[in-house]
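Worksheet for the structure shown next.
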Amino acid sequence: MNQRTLLITLTGPDRPGVTSRLFSVLSGFPVVVADVEQVVIRGRLTLGVLVAYAGGPPTGTGGTIGGLWTAVEQVAADLDMDLEIATGTHSKEKRRRGRLHVTVLGAPLLPAAMAGIAGRIAASGANIDRIERLSSYPVTCIELAVSGADPESLRAELAAEAAAQQVDVAVQRSGLHRRAKRLIVMDVDSTLIQNEVIELLARHAGCLDEVARVTDEAMRGELDFAESLVRRVALLEGLSEEVFEKVAKEVVLTPGARTLVRTLKRLDYRFAIVSGGFTQITDSLVADLGIDYSAANTLEVVNGRLTGRVVGEIVDRPGKARALERFAAEAGIPLSQTVAIGDGANDLDMFAAAGLGIAFNAKPIVRQAADTAVNVPYLDSILYLLGISREEVEAADAEDGMPPTMN
């Protein structure tokens with residue numbers, strides 16, 4: 001059954017009390033609230049309220065529609081705001097199916113990119129129900145609530161548009177799972193940190209060029225990771241174990257890494273790292289950042305010297321996926337609620353096992369296999385894909401007495 005409605009839109013300078021003033025006036029009439037949208041951009045408020053008549057179609061102009069219209073006009077005049085009122089009908093049908101969250105990241109985010117994204121959504125027959133800004137710096141992030149779209153086909157369409165516009169776009173299903181506890185599992189080298197640890201070790205051993213060449217082949221997927229690791233580690237034979245302390249000091253966290261981990265821990269998420277690198281370095285990251293779970297290789301040391309061998313089972317491409325599954329079981333979190341983040345070919349099995357795979361500044365083969373890609377150099381941008389805004393992060397930091405510039 002359809003109901004007669006009024007859509008009331010107030011636009012003007014934002015100030016305290018606008019929303020309460022409008023609803024106080026509406027409370028004096030036989031209407032019910034059907035929908036509300038409010039947004040503030042640069043201090044300018046747009047408030048839209050859809051009301052339906054509770055007692056059926058209004059009659060006359062004195063006590064119902066005419067009186068309400070006049071009362072709302074007086075509110076707008078008192079507040080010096082622009083007013084638009086439109087009549088219509090309200091159906092109690094369910095919202096369109098296939099509700100999705102489309103997240104757009106750009107640095108900068110240009111109008112042409114938003115036009116292209118919106119155009120692809122419209123061409124797919126879907127509708128944009130809501131648009132919200134999650135961040136304005138150091139990247140601009142806009143989240144769109146979209147209904148009526150098939151996620152896989154829309155993801156493919158928007159991936160093509162994102163590449164053309166040089167922005168990042170993620171498409172995820174809407175639902176309660178976005179608010180549930182998650183397990184985040186992250187690669188270490190060139191993801192959590194900016195370095196490749198084995199190259200730092202190789203520099204001290206004087207074999208950097210050879211190790212870097214083998215590393216690059218492995219990251220492109222041209223060489224089996226386990227084989228490449230054995231070949232590279234063999235070149236480190238004879239190094240003093242004192243090199244670990246030196247390399248630990250050379251490790252540089254990716255911008256936003258501390259913010260990402262700190263924010264996820266506040267939300268009671270679990271955070272894990274899996275690395276083809278070495279426990280002698282990852283253990284210090286675990287202690288420094290408060291990481292919940294970790295898995296990495298261990299270099300063999302005998303009489304204070306590296307032997308050029310790895311102790312135990314190698315953490316390779318399938319090993320990373322097994323570690324993710326093990327961490328999820330220990331945390332009591334379903335695999336559908338896991339997020340895998342990495343940059344290399346040895347992260348692909350982990351992506352396949354996780355509910356969401358994110359390629360972070362990754363090689364082309366990895367970007368193509370992931371659910372979404374982030375190509376900005378800020379690791380905390382991943383928070384926006386989880387629906388967490390920059391303002392929420394900074395507010396939490398302020399409550400803990402942290403300066404807003406900390407990463």
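Here's how to read the names in the structure tokens: chain A, B, ... by the order shown, residue numbers from 1 in each chain, ligand numbers from 1 in the order shown.
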
Next on the checklist: Taking 4 positions as the minimum chain separation for residues in the same chain, which residues sit within 9 Å of range 20-25 of chain A when counting only C-alpha atoms? Answer as a list of chain:residue names.
Outcome noted: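 Within the cut-off, the hits are A:Pro16, A:Phe29, A:Leu68, A:Ala71, A:Val72, A:Val75, A:Ala76.
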
Which residues of range 193-244 of chain A come within 12 Å of range 335-348 of chain A, and for each one, what is the closest pair of atoms and their distance in Å to one decimal, counting only C-alpha atoms, sorted by chain and residue number, as CSV?
residue,atom,partner,partner_atom,distance
A:Ile193,CA,A:Gly342,CA,11.1
A:Gln194,CA,A:Asp343,CA,11.3
A:Glu196,CA,A:Gly344,CA,11.7
A:Thr215,CA,A:Gly344,CA,10.3
A:Asp216,CA,A:Gly344,CA,9.6
A:Glu217,CA,A:Ala345,CA,10.0
A:Ala218,CA,A:Ala345,CA,7.4
A:Met219,CA,A:Gly344,CA,5.0
A:Arg220,CA,A:Ala345,CA,6.2
A:Gly221,CA,A:Ala345,CA,5.3
A:Glu222,CA,A:Ala345,CA,9.1
A:Leu223,CA,A:Ala345,CA,9.8
A:Asp224,CA,A:Asn346,CA,8.7
A:Phe225,CA,A:Asn346,CA,6.8
A:Ala226,CA,A:Asn346,CA,9.7
A:Ser228,CA,A:Asn346,CA,11.4
A:Leu229,CA,A:Asn346,CA,11.6

Counting only C-alpha atoms, which residues in range 345-405 of chain A sit no more than 9 Å from range 158-181 of chain A? For each one, give the nearest pair of atoms and the distance in Å, sorted by chain then residue number, as JSON lines.
{"residue": "A:Leu356", "atom": "CA", "partner": "A:Gln172", "partner_atom": "CA", "distance": 8.7}
{"residue": "A:Asp371", "atom": "CA", "partner": "A:Ala170", "partner_atom": "CA", "distance": 7.5}
{"residue": "A:Thr372", "atom": "CA", "partner": "A:Ala170", "partner_atom": "CA", "distance": 5.3}
{"residue": "A:Ala373", "atom": "CA", "partner": "A:Asp168", "partner_atom": "CA", "distance": 6.4}
{"residue": "A:Val374", "atom": "CA", "partner": "A:Asp168", "partner_atom": "CA", "distance": 5.8}
{"residue": "A:Asn375", "atom": "CA", "partner": "A:Asp168", "partner_atom": "CA", "distance": 6.8}
{"residue": "A:Val376", "atom": "CA", "partner": "A:Asp168", "partner_atom": "CA", "distance": 8.4}
{"residue": "A:Leu385", "atom": "CA", "partner": "A:Ala170", "partner_atom": "CA", "distance": 7.1}
{"residue": "A:Leu386", "atom": "CA", "partner": "A:Arg178", "partner_atom": "CA", "distance": 6.7}
{"residue": "A:Gly387", "atom": "CA", "partner": "A:Arg178", "partner_atom": "CA", "distance": 7.5}

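Ranking A:Ile85, A:Val230, A:Leu134, A:Leu100 by their shortest atom-to-atom distance to Glu152 in chain A, with only C-alpha atoms included, puts A:Leu100 first.
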
Checklist entry - Could you pull out all residues of range 224-328 of chain A with a DSSP call of helix (DSSP H, G or I) and give them as a VMD selection string? => result chain A and resid 225 to 234 243 to 250 257 to 266 279 to 289 317 to 328

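Counting from CA of Thr259 in chain A, the distance to CA of Leu110 in chain A is 26.2 Å.
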
Item to check | Residues of range 64-153 of chain A in strand (DSSP E or B), written as a ChimeraX atom specification | outcome: /A:82-91,100-106,127-135,140-147

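Of note, CA of Leu26 in chain A and CA of Glu132 in chain A are spaced 26.6 Å apart.
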
Considering only C-alpha atoms, return as a JSON list (two decimals) with N, CA, C and O atoms, in the first residue's frame whatever protein or nucleic-acid residues lie within 7 Å of Asp82 in chain A, sequence-local ones (same chain, fewer than 3 positions apart) excluded.
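Listing of around32.json after writing:
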[["chain", "number", "residue", "atom", "x", "y", "z"],
["A", 10, "LEU", "N", 16.03, 20.90, 3.83],
["A", 10, "LEU", "CA", 16.56, 22.16, 4.32],
["A", 10, "LEU", "C", 18.04, 22.24, 3.97],
["A", 10, "LEU", "O", 18.79, 21.28, 4.17],
["A", 11, "THR", "N", 18.47, 23.40, 3.44],
["A", 11, "THR", "CA", 19.87, 23.60, 3.07],
["A", 11, "THR", "C", 20.33, 24.96, 3.56],
["A", 11, "THR", "O", 19.63, 25.97, 3.37],
["A", 12, "GLY", "N", 21.50, 24.98, 4.21],
["A", 12, "GLY", "CA", 22.02, 26.25, 4.69],
["A", 12, "GLY", "C", 23.16, 26.04, 5.66],
["A", 12, "GLY", "O", 23.65, 24.91, 5.83],
["A", 76, "ALA", "N", 12.31, 27.30, 8.27],
["A", 76, "ALA", "CA", 13.35, 27.68, 7.31],
["A", 76, "ALA", "C", 13.64, 29.17, 7.39],
["A", 76, "ALA", "O", 14.80, 29.59, 7.34]]

Checklist outcome for this item: Nearest to Leu208 in chain A, restricted to only C-alpha atoms and choosing among A:Val188, A:Leu144, A:Ala287, A:Leu235, comes out as A:Leu235

Item to check | Minimum-distance residue to Thr5 in chain A, chosen among A:Ala34, A:Ala329, A:Val18, A:Met186 (using only C-alpha atoms) | outcome: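 Nearest to Thr5 in chain A: A:Ala34.
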
Checklist entry - With distances taken over only C-alpha atoms, which of A:Gly238, A:Gly256, A:Gly17, A:Gly277 is nearest to Glu199 in chain A? => result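 That would be A:Gly277, the residue with the smallest distance to Glu199 in chain A.
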
Checklist entry - What is the CA of Pro111 in chain A-CA of Pro138 in chain A distance in Å, reported with one decimal? => result 17.6 Å

Next on the checklist: At a cut-off of 9 Å, using only C-alpha atoms, what residues contact Val274 in chain A? Leave out same-chain residues fewer than 5 positions from it and give the result as a PyMOL selection string.
Outcome noted: chain A and resi 185-188+293-296+315+319-320+323-324

Got time to write the residues from that selection, C-alpha atoms, as a PDB file, in the first residue's frame?
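The resulting result.pdb:
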ATOM      1  CA  VAL A 185      46.751 -11.208   8.205  1.00  0.00           C
ATOM      2  CA  MET A 186      49.541  -9.217   6.589  1.00  0.00           C
ATOM      3  CA  ASP A 187      52.707  -9.918   4.680  1.00  0.00           C
ATOM      4  CA  VAL A 188      55.768  -8.192   6.142  1.00  0.00           C
ATOM      5  CA  TYR A 293      50.036 -14.015  15.777  1.00  0.00           C
ATOM      6  CA  SER A 294      53.083 -14.454  13.559  1.00  0.00           C
ATOM      7  CA  ALA A 295      54.724 -16.998  11.311  1.00  0.00           C
ATOM      8  CA  ALA A 296      58.104 -16.682   9.598  1.00  0.00           C
ATOM      9  CA  VAL A 315      56.903 -20.498   5.184  1.00  0.00           C
ATOM     10  CA  GLY A 319      52.528 -22.054   4.108  1.00  0.00           C
ATOM     11  CA  LYS A 320      51.133 -18.541   4.352  1.00  0.00           C
ATOM     12  CA  ALA A 323      49.129 -19.962   8.753  1.00  0.00           C
ATOM     13  CA  LEU A 324      46.080 -17.793   8.042  1.00  0.00           C
TER      14      LEU A 324
END

Item to check | Long-range neighbours of Ile281 in chain A as a PyMOL selection string, 8 Å cut-off, only C-alpha atoms, 2 positions minimum in chain | outcome: chain A and resi 197+244+247-248+277-279+283-285

Please produce an output containing N, CA and C atoms for each residue in the selection, written as a PDB file, in the first residue's frame.
ATOM      1  N   VAL A 197      63.876  -7.734   4.043  1.00  0.00           N
ATOM      2  CA  VAL A 197      64.850  -8.031   5.093  1.00  0.00           C
ATOM      3  C   VAL A 197      66.040  -8.821   4.553  1.00  0.00           C
ATOM      4  N   PHE A 244      71.658  -9.345  13.108  1.00  0.00           N
ATOM      5  CA  PHE A 244      70.218  -9.215  13.341  1.00  0.00           C
ATOM      6  C   PHE A 244      69.884  -7.920  14.064  1.00  0.00           C
ATOM      7  N   VAL A 247      70.245  -5.049  11.535  1.00  0.00           N
ATOM      8  CA  VAL A 247      69.156  -5.017  10.547  1.00  0.00           C
ATOM      9  C   VAL A 247      67.851  -4.567  11.186  1.00  0.00           C
ATOM     10  N   ALA A 248      67.587  -4.994  12.413  1.00  0.00           N
ATOM     11  CA  ALA A 248      66.353  -4.577  13.099  1.00  0.00           C
ATOM     12  C   ALA A 248      66.269  -3.058  13.193  1.00  0.00           C
ATOM     13  N   GLY A 277      60.202 -13.949   5.408  1.00  0.00           N
ATOM     14  CA  GLY A 277      61.419 -13.468   6.053  1.00  0.00           C
ATOM     15  C   GLY A 277      61.748 -14.289   7.280  1.00  0.00           C
ATOM     16  N   PHE A 278      62.252 -13.639   8.322  1.00  0.00           N
ATOM     17  CA  PHE A 278      62.882 -14.402   9.380  1.00  0.00           C
ATOM     18  C   PHE A 278      62.433 -13.962  10.767  1.00  0.00           C
ATOM     19  N   THR A 279      62.236 -14.949  11.628  1.00  0.00           N
ATOM     20  CA  THR A 279      61.754 -14.682  12.982  1.00  0.00           C
ATOM     21  C   THR A 279      62.717 -13.789  13.756  1.00  0.00           C
ATOM     22  N   ASP A 283      60.108 -11.088  15.162  1.00  0.00           N
ATOM     23  CA  ASP A 283      59.803 -11.129  16.594  1.00  0.00           C
ATOM     24  C   ASP A 283      59.841  -9.736  17.217  1.00  0.00           C
ATOM     25  N   SER A 284      60.743  -8.894  16.749  1.00  0.00           N
ATOM     26  CA  SER A 284      60.809  -7.533  17.284  1.00  0.00           C
ATOM     27  C   SER A 284      59.611  -6.708  16.834  1.00  0.00           C
ATOM     28  N   LEU A 285      59.099  -6.964  15.633  1.00  0.00           N
ATOM     29  CA  LEU A 285      57.895  -6.270  15.163  1.00  0.00           C
ATOM     30  C   LEU A 285      56.680  -6.681  15.984  1.00  0.00           C
TER      31      LEU A 285
END

Checklist entry - Which neighbours of Val146 in chain A fall inside 9 Å, counting only C-alpha atoms, when residues of the same chain fewer than 4 positions from it are skipped, and could you give them as an MDAnalysis selection string? => result chainID A and resid 98:102 121 126:130

Can you write just those residues out, C-alpha atoms, as an mmCIF file, in the first residue's frame?
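Okay, part21.cif is ready:
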data_model
loop_
_atom_site.group_PDB
_atom_site.id
_atom_site.type_symbol
_atom_site.label_atom_id
_atom_site.label_comp_id
_atom_site.auth_asym_id
_atom_site.auth_seq_id
_atom_site.Cartn_x
_atom_site.Cartn_y
_atom_site.Cartn_z
ATOM 1 C CA GLY A 98 22.210 -6.743 -3.822
ATOM 2 C CA ARG A 99 23.382 -4.055 -1.409
ATOM 3 C CA LEU A 100 27.078 -3.291 -1.717
ATOM 4 C CA HIS A 101 29.702 -0.904 -0.424
ATOM 5 C CA VAL A 102 31.843 0.691 -3.131
ATOM 6 C CA ILE A 121 27.199 1.866 -11.579
ATOM 7 C CA ALA A 126 22.301 -0.304 -9.939
ATOM 8 C CA ASN A 127 21.466 2.691 -7.795
ATOM 9 C CA ILE A 128 23.608 4.816 -5.477
ATOM 10 C CA ASP A 129 21.660 5.109 -2.222
ATOM 11 C CA ARG A 130 24.180 7.045 -0.127
#
